[in-house]
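Trainee: One file: coords.pdb (PDB, C-alpha atoms and all ligand atoms).
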ATOM      1  CA  LYS A   1      68.511 106.851  85.756  1.00  0.00           C
ATOM      2  CA  SER A   2      70.762 104.470  83.902  1.00  0.00           C
ATOM      3  CA  GLY A   3      74.494 104.521  83.398  1.00  0.00           C
ATOM      4  CA  PHE A   4      77.637 102.578  82.776  1.00  0.00           C
ATOM      5  CA  ILE A   5      80.633 101.959  84.980  1.00  0.00           C
ATOM      6  CA  ALA A   6      83.837 100.380  83.697  1.00  0.00           C
ATOM      7  CA  LEU A   7      85.391  98.316  86.463  1.00  0.00           C
ATOM      8  CA  VAL A   8      89.143  98.084  85.995  1.00  0.00           C
ATOM      9  CA  GLY A   9      92.036  96.719  87.997  1.00  0.00           C
ATOM     10  CA  ARG A  10      94.805  94.176  87.715  1.00  0.00           C
ATOM     11  CA  PRO A  11      93.993  90.528  88.517  1.00  0.00           C
ATOM     12  CA  ASN A  12      93.182  89.629  92.153  1.00  0.00           C
ATOM     13  CA  VAL A  13      92.367  93.116  93.425  1.00  0.00           C
ATOM     14  CA  GLY A  14      88.806  91.947  94.098  1.00  0.00           C
ATOM     15  CA  LYS A  15      86.713  92.983  91.081  1.00  0.00           C
ATOM     16  CA  SER A  16      84.633  89.798  91.093  1.00  0.00           C
ATOM     17  CA  THR A  17      84.221  89.919  94.860  1.00  0.00           C
ATOM     18  CA  LEU A  18      82.964  93.506  94.656  1.00  0.00           C
ATOM     19  CA  LEU A  19      80.529  92.680  91.849  1.00  0.00           C
ATOM     20  CA  ASN A  20      79.174  89.722  93.790  1.00  0.00           C
ATOM     21  CA  GLN A  21      78.814  91.844  96.883  1.00  0.00           C
ATOM     22  CA  MET A  22      76.912  94.552  94.985  1.00  0.00           C
ATOM     23  CA  ILE A  23      74.796  92.413  92.752  1.00  0.00           C
ATOM     24  CA  GLY A  24      74.921  88.887  94.123  1.00  0.00           C
ATOM     25  CA  GLU A  25      71.993  86.814  93.037  1.00  0.00           C
ATOM     26  CA  LYS A  26      70.168  89.904  91.868  1.00  0.00           C
ATOM     27  CA  ILE A  27      72.178  89.642  88.672  1.00  0.00           C
ATOM     28  CA  ALA A  28      69.966  90.802  85.854  1.00  0.00           C
ATOM     29  CA  ILE A  29      69.864  90.208  82.162  1.00  0.00           C
ATOM     30  CA  MET A  30      69.021  93.142  79.965  1.00  0.00           C
ATOM     31  CA  SER A  31      68.769  93.262  76.209  1.00  0.00           C
ATOM     32  CA  PRO A  32      71.920  95.175  75.401  1.00  0.00           C
ATOM     33  CA  LYS A  33      71.663  98.641  73.962  1.00  0.00           C
ATOM     34  CA  ALA A  34      73.517  99.169  70.709  1.00  0.00           C
ATOM     35  CA  GLN A  35      76.161 100.965  72.704  1.00  0.00           C
ATOM     36  CA  THR A  36      77.042  97.938  74.767  1.00  0.00           C
ATOM     37  CA  THR A  37      76.997  95.132  72.242  1.00  0.00           C
ATOM     38  CA  ARG A  38      80.751  95.309  71.869  1.00  0.00           C
ATOM     39  CA  ASN A  39      81.282  95.404  75.608  1.00  0.00           C
ATOM     40  CA  LYS A  40      80.778  92.585  78.035  1.00  0.00           C
ATOM     41  CA  ILE A  41      78.228  93.328  80.717  1.00  0.00           C
ATOM     42  CA  GLN A  42      79.344  91.900  84.053  1.00  0.00           C
ATOM     43  CA  GLY A  43      76.287  92.766  86.049  1.00  0.00           C
ATOM     44  CA  ILE A  44      73.516  95.257  86.554  1.00  0.00           C
ATOM     45  CA  TYR A  45      72.737  96.888  89.875  1.00  0.00           C
ATOM     46  CA  THR A  46      69.083  97.877  90.020  1.00  0.00           C
ATOM     47  CA  THR A  47      67.125  99.914  92.542  1.00  0.00           C
ATOM     48  CA  ASP A  48      63.937 102.004  92.422  1.00  0.00           C
ATOM     49  CA  GLU A  49      66.179 104.935  91.524  1.00  0.00           C
ATOM     50  CA  GLY A  50      67.672 103.376  88.427  1.00  0.00           C
ATOM     51  CA  GLN A  51      70.335 101.018  87.250  1.00  0.00           C
ATOM     52  CA  ILE A  52      74.077 100.845  86.927  1.00  0.00           C
ATOM     53  CA  VAL A  53      75.542  98.573  84.274  1.00  0.00           C
ATOM     54  CA  PHE A  54      79.036  97.276  85.052  1.00  0.00           C
ATOM     55  CA  LEU A  55      81.267  96.674  82.055  1.00  0.00           C
ATOM     56  CA  ASP A  56      84.116  94.216  82.051  1.00  0.00           C
ATOM     57  CA  THR A  57      87.543  95.341  80.876  1.00  0.00           C
ATOM     58  CA  PRO A  58      89.571  92.134  81.097  1.00  0.00           C
ATOM     59  CA  GLY A  59      92.264  93.180  78.664  1.00  0.00           C
ATOM     60  CA  ILE A  60      93.569  96.261  80.373  1.00  0.00           C
ATOM     61  CA  HIS A  61      97.017  95.043  81.193  1.00  0.00           C
ATOM     62  CA  LYS A  62     100.361  95.382  79.523  1.00  0.00           C
ATOM     63  CA  PRO A  63     100.037  93.748  76.097  1.00  0.00           C
ATOM     64  CA  GLN A  64     102.512  90.954  75.270  1.00  0.00           C
ATOM     65  CA  ASN A  65     101.394  90.541  71.675  1.00  0.00           C
ATOM     66  CA  SER A  66      98.981  91.872  69.076  1.00  0.00           C
ATOM     67  CA  LEU A  67      96.006  90.131  70.720  1.00  0.00           C
ATOM     68  CA  GLY A  68      96.850  91.888  73.966  1.00  0.00           C
ATOM     69  CA  ASP A  69      97.109  95.135  72.067  1.00  0.00           C
ATOM     70  CA  TYR A  70      93.627  94.548  70.647  1.00  0.00           C
ATOM     71  CA  MET A  71      92.292  93.814  74.142  1.00  0.00           C
ATOM     72  CA  VAL A  72      93.670  97.052  75.539  1.00  0.00           C
ATOM     73  CA  LYS A  73      91.924  98.896  72.702  1.00  0.00           C
ATOM     74  CA  THR A  74      88.678  97.085  73.521  1.00  0.00           C
ATOM     75  CA  ALA A  75      89.030  98.002  77.182  1.00  0.00           C
ATOM     76  CA  MET A  76      89.666 101.620  76.261  1.00  0.00           C
ATOM     77  CA  SER A  77      86.499 101.665  74.181  1.00  0.00           C
ATOM     78  CA  ALA A  78      84.484 100.348  77.157  1.00  0.00           C
ATOM     79  CA  ILE A  79      86.011 103.130  79.250  1.00  0.00           C
ATOM     80  CA  ARG A  80      85.158 105.782  76.669  1.00  0.00           C
ATOM     81  CA  GLU A  81      81.552 104.638  76.599  1.00  0.00           C
ATOM     82  CA  SER A  82      81.199 104.626  80.389  1.00  0.00           C
ATOM     83  CA  ASP A  83      79.992 107.396  82.672  1.00  0.00           C
ATOM     84  CA  MET A  84      82.676 106.645  85.217  1.00  0.00           C
ATOM     85  CA  VAL A  85      85.592 104.337  85.767  1.00  0.00           C
ATOM     86  CA  TRP A  86      86.121 102.514  89.023  1.00  0.00           C
ATOM     87  CA  MET A  87      89.745 101.592  89.348  1.00  0.00           C
ATOM     88  CA  LEU A  88      90.159  98.932  91.987  1.00  0.00           C
ATOM     89  CA  VAL A  89      93.451  98.452  93.814  1.00  0.00           C
ATOM     90  CA  ASP A  90      94.573  96.186  96.647  1.00  0.00           C
ATOM     91  CA  ALA A  91      95.352  98.074  99.866  1.00  0.00           C
ATOM     92  CA  SER A  92      97.391  95.162 101.194  1.00  0.00           C
ATOM     93  CA  GLN A  93      99.888  95.225  98.321  1.00  0.00           C
ATOM     94  CA  GLU A  94     102.253  97.924  97.185  1.00  0.00           C
ATOM     95  CA  ARG A  95     101.292  99.731  94.021  1.00  0.00           C
ATOM     96  CA  GLY A  96     102.923  97.790  91.216  1.00  0.00           C
ATOM     97  CA  ARG A  97     103.557  97.760  87.498  1.00  0.00           C
ATOM     98  CA  GLY A  98     100.122  96.303  86.779  1.00  0.00           C
ATOM     99  CA  ASP A  99      98.438  99.176  88.611  1.00  0.00           C
ATOM    100  CA  ASN A 100     100.729 101.756  87.038  1.00  0.00           C
ATOM    101  CA  PHE A 101     100.060 100.499  83.515  1.00  0.00           C
ATOM    102  CA  ILE A 102      96.309 100.906  84.015  1.00  0.00           C
ATOM    103  CA  ILE A 103      96.719 104.360  85.564  1.00  0.00           C
ATOM    104  CA  GLU A 104      98.709 105.502  82.524  1.00  0.00           C
ATOM    105  CA  ARG A 105      95.909 104.297  80.209  1.00  0.00           C
ATOM    106  CA  LEU A 106      93.265 106.020  82.332  1.00  0.00           C
ATOM    107  CA  LYS A 107      95.073 109.335  82.050  1.00  0.00           C
ATOM    108  CA  GLU A 108      94.355 109.153  78.307  1.00  0.00           C
ATOM    109  CA  SER A 109      90.588 108.963  78.845  1.00  0.00           C
ATOM    110  CA  LYS A 110      88.095 111.736  79.535  1.00  0.00           C
ATOM    111  CA  THR A 111      85.864 109.555  81.711  1.00  0.00           C
ATOM    112  CA  PRO A 112      86.155 110.474  85.411  1.00  0.00           C
ATOM    113  CA  VAL A 113      88.176 107.919  87.358  1.00  0.00           C
ATOM    114  CA  TYR A 114      87.282 106.914  90.917  1.00  0.00           C
ATOM    115  CA  LEU A 115      89.889 105.062  92.926  1.00  0.00           C
ATOM    116  CA  ILE A 116      88.511 102.213  95.007  1.00  0.00           C
ATOM    117  CA  ILE A 117      91.023 100.996  97.557  1.00  0.00           C
ATOM    118  CA  ASN A 118      89.888  97.472  98.385  1.00  0.00           C
ATOM    119  CA  LYS A 119      90.837  94.991 101.144  1.00  0.00           C
ATOM    120  CA  ILE A 120      91.161  97.635 103.829  1.00  0.00           C
ATOM    121  CA  ASP A 121      90.367  94.872 106.320  1.00  0.00           C
ATOM    122  CA  LEU A 122      93.972  93.740 105.737  1.00  0.00           C
ATOM    123  CA  VAL A 123      95.669  97.042 106.604  1.00  0.00           C
ATOM    124  CA  LYS A 124      96.038  99.010 109.803  1.00  0.00           C
ATOM    125  CA  PRO A 125      93.719 102.042 109.765  1.00  0.00           C
ATOM    126  CA  GLU A 126      96.679 104.325 110.456  1.00  0.00           C
ATOM    127  CA  ASP A 127      98.358 103.136 107.248  1.00  0.00           C
ATOM    128  CA  LEU A 128      95.458 104.090 105.009  1.00  0.00           C
ATOM    129  CA  LEU A 129      96.369 107.758 104.576  1.00  0.00           C
ATOM    130  CA  ALA A 130      99.820 106.873 103.254  1.00  0.00           C
ATOM    131  CA  ILE A 131      98.278 104.446 100.771  1.00  0.00           C
ATOM    132  CA  ILE A 132      95.874 107.113  99.538  1.00  0.00           C
ATOM    133  CA  ALA A 133      98.684 109.664  99.280  1.00  0.00           C
ATOM    134  CA  ASP A 134     100.781 107.253  97.242  1.00  0.00           C
ATOM    135  CA  TYR A 135      98.051 106.781  94.620  1.00  0.00           C
ATOM    136  CA  GLN A 136      97.387 110.507  94.538  1.00  0.00           C
ATOM    137  CA  THR A 137     100.962 111.078  93.378  1.00  0.00           C
ATOM    138  CA  GLN A 138     100.075 109.105  90.222  1.00  0.00           C
ATOM    139  CA  MET A 139      96.831 110.670  89.124  1.00  0.00           C
ATOM    140  CA  ASN A 140      94.187 113.193  90.015  1.00  0.00           C
ATOM    141  CA  PHE A 141      91.324 110.852  90.915  1.00  0.00           C
ATOM    142  CA  ALA A 142      87.789 112.262  90.966  1.00  0.00           C
ATOM    143  CA  GLU A 143      87.246 110.669  94.384  1.00  0.00           C
ATOM    144  CA  ILE A 144      88.798 107.956  96.529  1.00  0.00           C
ATOM    145  CA  PHE A 145      86.842 105.256  98.378  1.00  0.00           C
ATOM    146  CA  PRO A 146      88.434 102.799 100.806  1.00  0.00           C
ATOM    147  CA  ILE A 147      86.369  99.612 101.021  1.00  0.00           C
ATOM    148  CA  SER A 148      86.404  95.959 101.936  1.00  0.00           C
ATOM    149  CA  ALA A 149      84.428  94.091  99.299  1.00  0.00           C
ATOM    150  CA  ARG A 150      84.710  90.855 101.230  1.00  0.00           C
ATOM    151  CA  GLN A 151      83.416  92.347 104.481  1.00  0.00           C
ATOM    152  CA  ASP A 152      80.877  94.572 102.754  1.00  0.00           C
ATOM    153  CA  ASP A 153      82.459  97.674 104.263  1.00  0.00           C
ATOM    154  CA  GLY A 154      81.893 100.886 102.283  1.00  0.00           C
ATOM    155  CA  VAL A 155      80.220  99.146  99.350  1.00  0.00           C
ATOM    156  CA  GLN A 156      76.723 100.531  99.859  1.00  0.00           C
ATOM    157  CA  GLU A 157      78.179 104.031 100.320  1.00  0.00           C
ATOM    158  CA  LEU A 158      79.914 103.659  96.980  1.00  0.00           C
ATOM    159  CA  LEU A 159      76.693 102.673  95.220  1.00  0.00           C
ATOM    160  CA  ASP A 160      74.738 105.458  96.900  1.00  0.00           C
ATOM    161  CA  PHE A 161      77.377 107.906  95.700  1.00  0.00           C
ATOM    162  CA  ALA A 162      77.436 106.614  92.130  1.00  0.00           C
ATOM    163  CA  MET A 163      73.713 106.214  91.461  1.00  0.00           C
ATOM    164  CA  PRO A 164      72.811 109.942  91.375  1.00  0.00           C
ATOM    165  CA  LYS A 165      75.615 110.514  88.869  1.00  0.00           C
ATOM    166  CA  MET A 166      74.202 108.013  86.359  1.00  0.00           C
TER     167      MET A 166
HETATM  168  P1  LIG B   1      89.625  89.824  90.649  1.00  0.00           P
HETATM  169  O1  LIG B   1      90.664  89.017  89.959  1.00  0.00           O
HETATM  170  O2  LIG B   1      89.952  91.280  90.595  1.00  0.00           O
HETATM  171  O3  LIG B   1      88.236  89.547  90.162  1.00  0.00           O
HETATM  172  O4  LIG B   1      89.703  89.434  92.199  1.00  0.00           O
HETATM  173  P2  LIG B   1      88.764  88.449  93.035  1.00  0.00           P
HETATM  174  O5  LIG B   1      87.449  89.054  93.321  1.00  0.00           O
HETATM  175  O6  LIG B   1      88.770  87.113  92.388  1.00  0.00           O
HETATM  176  O7  LIG B   1      89.550  88.391  94.435  1.00  0.00           O
HETATM  177  C1  LIG B   1      90.884  87.917  94.530  1.00  0.00           C
HETATM  178  C2  LIG B   1      91.132  87.434  95.948  1.00  0.00           C
HETATM  179  O8  LIG B   1      91.044  88.542  96.866  1.00  0.00           O
HETATM  180  C3  LIG B   1      90.090  86.428  96.429  1.00  0.00           C
HETATM  181  O9  LIG B   1      90.734  85.457  97.208  1.00  0.00           O
HETATM  182  C4  LIG B   1      89.143  87.256  97.281  1.00  0.00           C
HETATM  183  O10 LIG B   1      88.490  86.522  98.272  1.00  0.00           O
HETATM  184  C5  LIG B   1      90.099  88.270  97.884  1.00  0.00           C
HETATM  185  N1  LIG B   1      89.411  89.528  98.256  1.00  0.00           N
HETATM  186  C6  LIG B   1      88.587  90.274  97.501  1.00  0.00           C
HETATM  187  N2  LIG B   1      88.135  91.345  98.182  1.00  0.00           N
HETATM  188  C7  LIG B   1      88.688  91.277  99.411  1.00  0.00           C
HETATM  189  C8  LIG B   1      88.610  92.103 100.581  1.00  0.00           C
HETATM  190  O11 LIG B   1      87.922  93.127 100.649  1.00  0.00           O
HETATM  191  N3  LIG B   1      89.353  91.701 101.667  1.00  0.00           N
HETATM  192  C9  LIG B   1      90.112  90.574 101.627  1.00  0.00           C
HETATM  193  N4  LIG B   1      90.799  90.270 102.743  1.00  0.00           N
HETATM  194  N5  LIG B   1      90.199  89.782 100.558  1.00  0.00           N
HETATM  195  C10 LIG B   1      89.504  90.124  99.452  1.00  0.00           C
HETATM  196 MG    MG B   2      87.566  88.383  88.538  1.00  0.00          MG
END
Now, as a test, write the supplied structure out as structure tokens.
Mentor:
Amino acid sequence: KSGFIALVGRPNVGKSTLLNQMIGEKIAIMSPKAQTTRNKIQGIYTTDEGQIVFLDTPGIHKPQNSLGDYMVKTAMSAIRESDMVWMLVDASQERGRGDNFIIERLKESKTPVYLIINKIDLVKPEDLLAIIADYQTQMNFAEIFPISARQDDGVQELLDFAMPKM
């Protein structure tokens, strides 16, 4: 098995922390397939079952100029070429314009979008349902996973869920 995941989310939601938690020092270098040469590979998660290639989408935020516009287009192409999108959000912060902008772009894509609600260590467990419900008003996510990347809570479950779909 081998597949691609586009990891998206506004700055500071924990994308790098999640990647480090999943891949850590096991970071692998692979000769890029033709498909991925235009996309930046952030890391590759490898097990006996197969591998998941994580693609970076740094430009998916509201463009301020034509370069930004180009970066959004690049991010959208990474998303199109991926098997799934993981949209990371910060449970400890209210959904904001940065999150909403990305959600609007994701609605334009056919790739299934999984919502990863990160930093749940910072919220009261009883508040989690309201957070989930709030995001569900914005988009019909394929699945929703609450995690704490920093505390390694829910991360392995996420990988075990994703791998068979690659
Ligand atoms: P990125 O900009 O999306 O790559 O976000 P980073 O991975 O750089 O994380 C931004 C900040 O959030 C850092 O200070 C992280 O330590 C912190 N952070 C990331 N994940 C978690 C988490 O699960 N819980 C908490 N409490 N902090 C986190
Ligand atoms: Mg980062």
Trainee: Given the file above and the PyMOL selection byres (((chain A and resi 45-60) around 9) and not hetatm), which residues are selected, and can you give them as a PyMOL selection string?
Mentor: chain A and resi 1-11+19+22-23+26-28+36+39-44+61-63+68-76+78-79+82+101-102+105+159+162-164+166
Trainee: Env of segment 130-134 of chain A: 9 Å cut, atoms = all atoms listed in the file, seq-sep filter 5 positions within chain, self excluded. Answer as a PyMOL selection string.
Mentor: chain A and resi 91+94-95+117+144+146
Trainee: For the contact check between chain A and ligand LIG 1 (chain B), emit one row per residue of chain A within 8 Å, containing the shortest atom pair and the distance in Å rounded to one decimal, counting only C-alpha atoms and all ligand atoms, chain then rising number order, as JSON lines.
Mentor:
{"residue": "A:Gly9", "atom": "CA", "partner": "B:LIG1", "partner_atom": "O2", "distance": 6.4}
{"residue": "A:Arg10", "atom": "CA", "partner": "B:LIG1", "partner_atom": "O2", "distance": 6.3}
{"residue": "A:Pro11", "atom": "CA", "partner": "B:LIG1", "partner_atom": "O1", "distance": 3.9}
{"residue": "A:Asn12", "atom": "CA", "partner": "B:LIG1", "partner_atom": "O1", "distance": 3.4}
{"residue": "A:Val13", "atom": "CA", "partner": "B:LIG1", "partner_atom": "O2", "distance": 4.1}
{"residue": "A:Gly14", "atom": "CA", "partner": "B:LIG1", "partner_atom": "O4", "distance": 3.3}
{"residue": "A:Lys15", "atom": "CA", "partner": "B:LIG1", "partner_atom": "O2", "distance": 3.7}
{"residue": "A:Ser16", "atom": "CA", "partner": "B:LIG1", "partner_atom": "O5", "distance": 3.7}
{"residue": "A:Thr17", "atom": "CA", "partner": "B:LIG1", "partner_atom": "O5", "distance": 3.7}
{"residue": "A:Leu18", "atom": "CA", "partner": "B:LIG1", "partner_atom": "O5", "distance": 6.5}
{"residue": "A:Leu19", "atom": "CA", "partner": "B:LIG1", "partner_atom": "O5", "distance": 7.9}
{"residue": "A:Leu88", "atom": "CA", "partner": "B:LIG1", "partner_atom": "O2", "distance": 7.8}
{"residue": "A:Asn118", "atom": "CA", "partner": "B:LIG1", "partner_atom": "O11", "distance": 5.3}
{"residue": "A:Lys119", "atom": "CA", "partner": "B:LIG1", "partner_atom": "O11", "distance": 3.5}
{"residue": "A:Ile120", "atom": "CA", "partner": "B:LIG1", "partner_atom": "O11", "distance": 6.4}
{"residue": "A:Asp121", "atom": "CA", "partner": "B:LIG1", "partner_atom": "N3", "distance": 5.7}
{"residue": "A:Leu122", "atom": "CA", "partner": "B:LIG1", "partner_atom": "N4", "distance": 5.6}
{"residue": "A:Ile147", "atom": "CA", "partner": "B:LIG1", "partner_atom": "O11", "distance": 6.7}
{"residue": "A:Ser148", "atom": "CA", "partner": "B:LIG1", "partner_atom": "O11", "distance": 3.5}
{"residue": "A:Ala149", "atom": "CA", "partner": "B:LIG1", "partner_atom": "O11", "distance": 3.9}
{"residue": "A:Arg150", "atom": "CA", "partner": "B:LIG1", "partner_atom": "O11", "distance": 4.0}
{"residue": "A:Gln151", "atom": "CA", "partner": "B:LIG1", "partner_atom": "O11", "distance": 6.0}
{"residue": "A:Asp152", "atom": "CA", "partner": "B:LIG1", "partner_atom": "O11", "distance": 7.5}
{"residue": "A:Asp153", "atom": "CA", "partner": "B:LIG1", "partner_atom": "O11", "distance": 8.0}
Trainee: Write out the residues from the selection above, keeping C-alpha atoms, as a PDB file, in the coordinates of the input.
Mentor:
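Output below, filename part.pdb:
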ATOM      1  CA  GLY A   9      92.036  96.719  87.997  1.00  0.00           C
ATOM      2  CA  ARG A  10      94.805  94.176  87.715  1.00  0.00           C
ATOM      3  CA  PRO A  11      93.993  90.528  88.517  1.00  0.00           C
ATOM      4  CA  ASN A  12      93.182  89.629  92.153  1.00  0.00           C
ATOM      5  CA  VAL A  13      92.367  93.116  93.425  1.00  0.00           C
ATOM      6  CA  GLY A  14      88.806  91.947  94.098  1.00  0.00           C
ATOM      7  CA  LYS A  15      86.713  92.983  91.081  1.00  0.00           C
ATOM      8  CA  SER A  16      84.633  89.798  91.093  1.00  0.00           C
ATOM      9  CA  THR A  17      84.221  89.919  94.860  1.00  0.00           C
ATOM     10  CA  LEU A  18      82.964  93.506  94.656  1.00  0.00           C
ATOM     11  CA  LEU A  19      80.529  92.680  91.849  1.00  0.00           C
ATOM     12  CA  LEU A  88      90.159  98.932  91.987  1.00  0.00           C
ATOM     13  CA  ASN A 118      89.888  97.472  98.385  1.00  0.00           C
ATOM     14  CA  LYS A 119      90.837  94.991 101.144  1.00  0.00           C
ATOM     15  CA  ILE A 120      91.161  97.635 103.829  1.00  0.00           C
ATOM     16  CA  ASP A 121      90.367  94.872 106.320  1.00  0.00           C
ATOM     17  CA  LEU A 122      93.972  93.740 105.737  1.00  0.00           C
ATOM     18  CA  ILE A 147      86.369  99.612 101.021  1.00  0.00           C
ATOM     19  CA  SER A 148      86.404  95.959 101.936  1.00  0.00           C
ATOM     20  CA  ALA A 149      84.428  94.091  99.299  1.00  0.00           C
ATOM     21  CA  ARG A 150      84.710  90.855 101.230  1.00  0.00           C
ATOM     22  CA  GLN A 151      83.416  92.347 104.481  1.00  0.00           C
ATOM     23  CA  ASP A 152      80.877  94.572 102.754  1.00  0.00           C
ATOM     24  CA  ASP A 153      82.459  97.674 104.263  1.00  0.00           C
TER      25      ASP A 153
END
Trainee: Would you please work out which residue, of A:Asn65, A:Gln136, A:Asn100, A:Asn20, is nearest to ligand MG 2 (chain B) when using all atoms listed in the file?
Mentor: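 Of the candidates, the smallest distance to ligand MG 2 (chain B) is held by A:Asn20.
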Trainee: Which residue is closest to Lys107 of chain A? Choose from A:Ser92, A:Gln64, A:Gln138, A:Leu128 and count only C-alpha atoms.
Mentor: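 Selected residue with least distance to Lys107 of chain A: A:Gln138.
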Trainee: Between atom CA of Gln156 of chain A and atom CA of Asn140 of chain A, measure the distance and give it in Å to one decimal.
Mentor: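 So the answer is 23.7 Å.
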Trainee: Measuring atom to atom with all atoms listed in the file, identify which of A:Arg80, A:Tyr135, A:Tyr114, A:Phe141 is nearest to Phe161 of chain A.
Mentor: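 Using all atoms listed in the file, the shortest distance to Phe161 of chain A belongs to A:Tyr114.
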Trainee: How far is it from atom CA of Val89 of chain A to atom CA of Leu115 of chain A, in Å with one decimal?
Mentor: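 For atom CA of Val89 of chain A relative to atom CA of Leu115 of chain A, the distance reads 7.6 Å.
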Trainee: Report the distance between atom CA of Glu157 of chain A and atom CA of Ala142 of chain A in Å, rounded to one decimal place.
Mentor: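 For atom CA of Glu157 of chain A relative to atom CA of Ala142 of chain A, the distance reads 15.7 Å.
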Trainee: Considering all atoms listed in the file, can you say which of A:Met87, A:Lys165, A:Thr137, A:Gln21 comes closest to Asp99 of chain A?
Mentor: A:Met87
Trainee: Return segment 111-127 of chain A, completed with N, CA and C atoms, as a PDB file, in the frame of the given file.
Mentor:
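This went into part-v4.pdb:
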ATOM      1  N   THR A 111      86.827 110.044  80.724  1.00  0.00           N
ATOM      2  CA  THR A 111      85.864 109.555  81.711  1.00  0.00           C
ATOM      3  C   THR A 111      86.433 109.744  83.122  1.00  0.00           C
ATOM      4  N   PRO A 112      85.630 110.294  84.054  1.00  0.00           N
ATOM      5  CA  PRO A 112      86.155 110.474  85.411  1.00  0.00           C
ATOM      6  C   PRO A 112      86.525 109.150  86.077  1.00  0.00           C
ATOM      7  N   VAL A 113      87.659 109.147  86.750  1.00  0.00           N
ATOM      8  CA  VAL A 113      88.176 107.919  87.358  1.00  0.00           C
ATOM      9  C   VAL A 113      88.085 108.003  88.885  1.00  0.00           C
ATOM     10  N   TYR A 114      87.421 107.026  89.468  1.00  0.00           N
ATOM     11  CA  TYR A 114      87.282 106.914  90.917  1.00  0.00           C
ATOM     12  C   TYR A 114      88.184 105.794  91.392  1.00  0.00           C
ATOM     13  N   LEU A 115      88.991 106.087  92.390  1.00  0.00           N
ATOM     14  CA  LEU A 115      89.889 105.062  92.926  1.00  0.00           C
ATOM     15  C   LEU A 115      89.212 104.339  94.083  1.00  0.00           C
ATOM     16  N   ILE A 116      89.110 103.030  93.947  1.00  0.00           N
ATOM     17  CA  ILE A 116      88.511 102.213  95.007  1.00  0.00           C
ATOM     18  C   ILE A 116      89.643 101.398  95.628  1.00  0.00           C
ATOM     19  N   ILE A 117      89.959 101.719  96.864  1.00  0.00           N
ATOM     20  CA  ILE A 117      91.023 100.996  97.557  1.00  0.00           C
ATOM     21  C   ILE A 117      90.381  99.857  98.339  1.00  0.00           C
ATOM     22  N   ASN A 118      90.563  98.643  97.820  1.00  0.00           N
ATOM     23  CA  ASN A 118      89.888  97.472  98.385  1.00  0.00           C
ATOM     24  C   ASN A 118      90.779  96.741  99.400  1.00  0.00           C
ATOM     25  N   LYS A 119      90.177  95.851 100.139  1.00  0.00           N
ATOM     26  CA  LYS A 119      90.837  94.991 101.144  1.00  0.00           C
ATOM     27  C   LYS A 119      91.384  95.801 102.316  1.00  0.00           C
ATOM     28  N   ILE A 120      90.664  96.839 102.691  1.00  0.00           N
ATOM     29  CA  ILE A 120      91.161  97.635 103.829  1.00  0.00           C
ATOM     30  C   ILE A 120      91.090  96.863 105.137  1.00  0.00           C
ATOM     31  N   ASP A 121      90.371  95.733 105.123  1.00  0.00           N
ATOM     32  CA  ASP A 121      90.367  94.872 106.320  1.00  0.00           C
ATOM     33  C   ASP A 121      91.745  94.286 106.591  1.00  0.00           C
ATOM     34  N   LEU A 122      92.636  94.323 105.579  1.00  0.00           N
ATOM     35  CA  LEU A 122      93.972  93.740 105.737  1.00  0.00           C
ATOM     36  C   LEU A 122      95.030  94.764 106.152  1.00  0.00           C
ATOM     37  N   VAL A 123      94.667  96.035 106.229  1.00  0.00           N
ATOM     38  CA  VAL A 123      95.669  97.042 106.604  1.00  0.00           C
ATOM     39  C   VAL A 123      95.284  97.752 107.903  1.00  0.00           C
ATOM     40  N   LYS A 124      96.293  98.253 108.580  1.00  0.00           N
ATOM     41  CA  LYS A 124      96.038  99.010 109.803  1.00  0.00           C
ATOM     42  C   LYS A 124      95.416 100.344 109.410  1.00  0.00           C
ATOM     43  N   PRO A 125      94.388 100.780 110.120  1.00  0.00           N
ATOM     44  CA  PRO A 125      93.719 102.042 109.765  1.00  0.00           C
ATOM     45  C   PRO A 125      94.704 103.210 109.648  1.00  0.00           C
ATOM     46  N   GLU A 126      95.724 103.204 110.480  1.00  0.00           N
ATOM     47  CA  GLU A 126      96.679 104.325 110.456  1.00  0.00           C
ATOM     48  C   GLU A 126      97.577 104.308 109.214  1.00  0.00           C
ATOM     49  N   ASP A 127      97.559 103.208 108.478  1.00  0.00           N
ATOM     50  CA  ASP A 127      98.358 103.136 107.248  1.00  0.00           C
ATOM     51  C   ASP A 127      97.592 103.615 106.019  1.00  0.00           C
TER      52      ASP A 127
END
